[in-house]
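Below: the structure, in structure tokens.
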Amino acid sequence: MKFFTTPPQEIRTKFEVDLLYKAQSMKPAKPPHPWETEVIIPAAGCMACGWNSDEDLVLISSSGYSITQARTGVLIHRDRDSNLTYERMSNNDLTFQLPLNNEYTSIFGFESGDGIHTTNDGWIVDVIYPWWPRASVIIDNAFKATYTYLNDATKLDINRLDGNIKCGFSPSGKKLVIMGSGGALIYSRE
């Protein structure tokens, strides 16, 4: 049985197709200066994350939550009580009350909201799909005089993360987290 007797008609514009080819030609790399500090957090089953008031990463999984110092990767606190973790999530899954100190933090993730994608000084981060369904993450500074989408962007090397990808800057814009089902990558700058 033949499904297509004629090739499907292209519905994308030339600009969109050119942009797709540009995204597909990008090679994975480390982030540009000043995003030089990298922390890898292996954590299977991640579903949401956020930043506490000290901008440490709060990582929520089906088996509890943890707080990790974003610049060093030092584990500050880990609680494996999944029932308590679920109880402390808001009904809309957009905030989490830390059982450790009752602090409320905004969260984003697979069943939550979306992260902060722009900093006050022009850094942008975006999840794109040049090889759908495989996700890629790009970072660039939109405040450059010569800014054009994807021209100077860096496609981040996220090979250790799989499945759905979520990302977001900390409120100060000094830290960036990229979260996948296998854990998280954190990049920091001074």
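Order determines the names: the first chain of the structure tokens is A, the second B, and so forth; residues in each chain are numbered 1 upward, and ligands are numbered 1 upward as they are shown.
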Proximity of segment 88-148 of chain A to segment 38-50 of chain A: per-residue shortest pair, 9 Å limit, only C-alpha atoms, as JSON lines:
{"residue": "A:Asp93", "atom": "CA", "partner": "A:Ala48", "partner_atom": "CA", "distance": 8.8}
{"residue": "A:Thr95", "atom": "CA", "partner": "A:Gly50", "partner_atom": "CA", "distance": 8.6}
{"residue": "A:Phe96", "atom": "CA", "partner": "A:Gly50", "partner_atom": "CA", "distance": 8.5}
{"residue": "A:Thr105", "atom": "CA", "partner": "A:Gly50", "partner_atom": "CA", "distance": 6.5}
{"residue": "A:Ser106", "atom": "CA", "partner": "A:Gly50", "partner_atom": "CA", "distance": 5.9}
{"residue": "A:Ile107", "atom": "CA", "partner": "A:Gly50", "partner_atom": "CA", "distance": 4.3}
{"residue": "A:Phe108", "atom": "CA", "partner": "A:Ala48", "partner_atom": "CA", "distance": 5.4}
{"residue": "A:Gly109", "atom": "CA", "partner": "A:Ala48", "partner_atom": "CA", "distance": 4.0}
{"residue": "A:Phe110", "atom": "CA", "partner": "A:Met47", "partner_atom": "CA", "distance": 5.5}
{"residue": "A:Glu111", "atom": "CA", "partner": "A:Met47", "partner_atom": "CA", "distance": 6.8}
{"residue": "A:Ser112", "atom": "CA", "partner": "A:Ala48", "partner_atom": "CA", "distance": 6.6}
{"residue": "A:Gly113", "atom": "CA", "partner": "A:Ala48", "partner_atom": "CA", "distance": 8.8}
{"residue": "A:Gly115", "atom": "CA", "partner": "A:Gly50", "partner_atom": "CA", "distance": 8.3}
Quick one: everything within 9 Å of segment 23-26 of chain A, counting only C-alpha atoms, minus sequence neighbours fewer than 4 positions away in the same chain. Send it as a ChimeraX atom specification.
-> /A:18-19,128-131,150,153-155
Identify, with DSSP run on backbone atoms, the residues in segment 69-139 of chain A assigned to strand (DSSP E), and express the list as a PyMOL selection string.
-> chain A and resi 75-79+95-97+104-109+123-131+134-139
Written file, previous selection with N, CA, C and O atoms, as a tab-separated table (two decimals), in the first residue's frame:
chain	number	residue	atom	x	y	z
A	75	LEU	N	26.27	19.21	47.21
A	75	LEU	CA	24.93	18.91	47.68
A	75	LEU	C	24.73	19.54	49.05
A	75	LEU	O	25.44	19.23	50.00
A	76	ILE	N	23.77	20.44	49.16
A	76	ILE	CA	23.48	21.12	50.42
A	76	ILE	C	22.48	20.32	51.25
A	76	ILE	O	22.62	20.19	52.47
A	77	HIS	N	21.46	19.78	50.58
A	77	HIS	CA	20.40	19.07	51.30
A	77	HIS	C	19.74	18.08	50.34
A	77	HIS	O	19.57	18.37	49.16
A	78	ARG	N	19.36	16.92	50.87
A	78	ARG	CA	18.63	15.92	50.10
A	78	ARG	C	17.58	15.31	50.99
A	78	ARG	O	17.86	14.91	52.12
A	79	ASP	N	16.34	15.29	50.52
A	79	ASP	CA	15.23	14.69	51.26
A	79	ASP	C	14.57	13.68	50.35
A	79	ASP	O	14.11	14.03	49.26
A	95	THR	N	4.93	26.46	42.06
A	95	THR	CA	5.75	26.82	43.22
A	95	THR	C	5.95	25.60	44.10
A	95	THR	O	5.17	24.64	44.08
A	96	PHE	N	7.04	25.67	44.87
A	96	PHE	CA	7.39	24.60	45.78
A	96	PHE	C	7.82	25.23	47.09
A	96	PHE	O	8.62	26.17	47.10
A	97	GLN	N	7.25	24.74	48.19
A	97	GLN	CA	7.64	25.24	49.52
A	97	GLN	C	8.67	24.28	50.09
A	97	GLN	O	8.39	23.10	50.34
A	104	TYR	N	9.25	29.65	49.78
A	104	TYR	CA	8.56	29.36	48.53
A	104	TYR	C	9.49	29.69	47.37
A	104	TYR	O	10.15	30.73	47.37
A	105	THR	N	9.53	28.81	46.39
A	105	THR	CA	10.34	29.05	45.21
A	105	THR	C	9.52	28.73	43.96
A	105	THR	O	8.74	27.77	43.95
A	106	SER	N	9.68	29.54	42.93
A	106	SER	CA	9.05	29.25	41.64
A	106	SER	C	9.78	28.09	41.00
A	106	SER	O	11.00	27.99	41.08
A	107	ILE	N	9.03	27.20	40.35
A	107	ILE	CA	9.65	26.05	39.70
A	107	ILE	C	9.19	25.97	38.25
A	107	ILE	O	8.18	26.54	37.86
A	108	PHE	N	9.99	25.26	37.46
A	108	PHE	CA	9.62	24.97	36.09
A	108	PHE	C	10.07	23.56	35.76
A	108	PHE	O	10.92	23.00	36.44
A	109	GLY	N	9.46	22.97	34.76
A	109	GLY	CA	9.84	21.61	34.41
A	109	GLY	C	8.83	20.95	33.50
A	109	GLY	O	8.08	21.62	32.80
A	123	TRP	N	21.34	38.04	27.47
A	123	TRP	CA	21.55	36.63	27.17
A	123	TRP	C	20.20	35.95	26.98
A	123	TRP	O	19.26	36.19	27.74
A	124	ILE	N	20.11	35.12	25.97
A	124	ILE	CA	18.88	34.36	25.71
A	124	ILE	C	19.25	32.88	25.59
A	124	ILE	O	20.34	32.53	25.16
A	125	VAL	N	18.34	32.04	26.01
A	125	VAL	CA	18.50	30.60	25.89
A	125	VAL	C	17.19	30.06	25.33
A	125	VAL	O	16.11	30.57	25.63
A	126	ASP	N	17.31	29.05	24.48
A	126	ASP	CA	16.12	28.54	23.82
A	126	ASP	C	16.30	27.05	23.53
A	126	ASP	O	17.40	26.61	23.18
A	127	VAL	N	15.23	26.29	23.68
A	127	VAL	CA	15.22	24.89	23.28
A	127	VAL	C	14.67	24.85	21.87
A	127	VAL	O	13.58	25.37	21.61
A	128	ILE	N	15.45	24.27	20.96
A	128	ILE	CA	15.01	24.16	19.56
A	128	ILE	C	15.05	22.69	19.14
A	128	ILE	O	15.62	21.86	19.83
A	129	TYR	N	14.44	22.39	18.01
A	129	TYR	CA	14.34	21.01	17.54
A	129	TYR	C	14.75	20.89	16.07
A	129	TYR	O	13.94	20.55	15.22
A	130	PRO	N	16.05	21.11	15.77
A	130	PRO	CA	16.47	20.99	14.37
A	130	PRO	C	16.44	19.55	13.87
A	130	PRO	O	16.37	19.31	12.67
A	131	TRP	N	16.52	18.59	14.77
A	131	TRP	CA	16.44	17.17	14.41
A	131	TRP	C	15.32	16.53	15.23
A	131	TRP	O	15.55	15.61	15.99
A	134	ARG	N	14.61	15.16	18.74
A	134	ARG	CA	15.77	15.43	19.60
A	134	ARG	C	15.90	16.93	19.84
A	134	ARG	O	15.96	17.72	18.91
A	135	ALA	N	15.99	17.30	21.11
A	135	ALA	CA	16.07	18.72	21.48
A	135	ALA	C	17.52	19.20	21.49
A	135	ALA	O	18.44	18.44	21.77
A	136	SER	N	17.69	20.47	21.17
A	136	SER	CA	18.97	21.16	21.28
A	136	SER	C	18.73	22.44	22.07
A	136	SER	O	17.62	22.97	22.08
A	137	VAL	N	19.78	22.96	22.71
A	137	VAL	CA	19.68	24.21	23.46
A	137	VAL	C	20.70	25.18	22.88
A	137	VAL	O	21.86	24.82	22.69
A	138	ILE	N	20.24	26.40	22.60
A	138	ILE	CA	21.15	27.43	22.10
A	138	ILE	C	21.22	28.58	23.09
A	138	ILE	O	20.26	28.84	23.82
A	139	ILE	N	22.37	29.26	23.11
A	139	ILE	CA	22.56	30.44	23.94
A	139	ILE	C	23.20	31.51	23.08
A	139	ILE	O	24.04	31.22	22.22
Atom pair atom CA of Ser82 of chain A + atom CA of Ser62 of chain A, distance 6.2 Å
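Note that the spacing between atom CA of Ala142 of chain A and atom CA of Pro28 of chain A amounts to 19.7 Å.
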d(atom CA of Ile158 of chain A, atom CA of His33 of chain A) in Å |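 Calculated distance between atom CA of Ile158 of chain A and atom CA of His33 of chain A is 17.4 Å.
For the residues A:Gly182, A:Asp162, A:Tyr86, A:Thr37, ranking by smallest atom-to-atom distance to Ala70 of chain A using only C-alpha atoms places A:Thr37 first.
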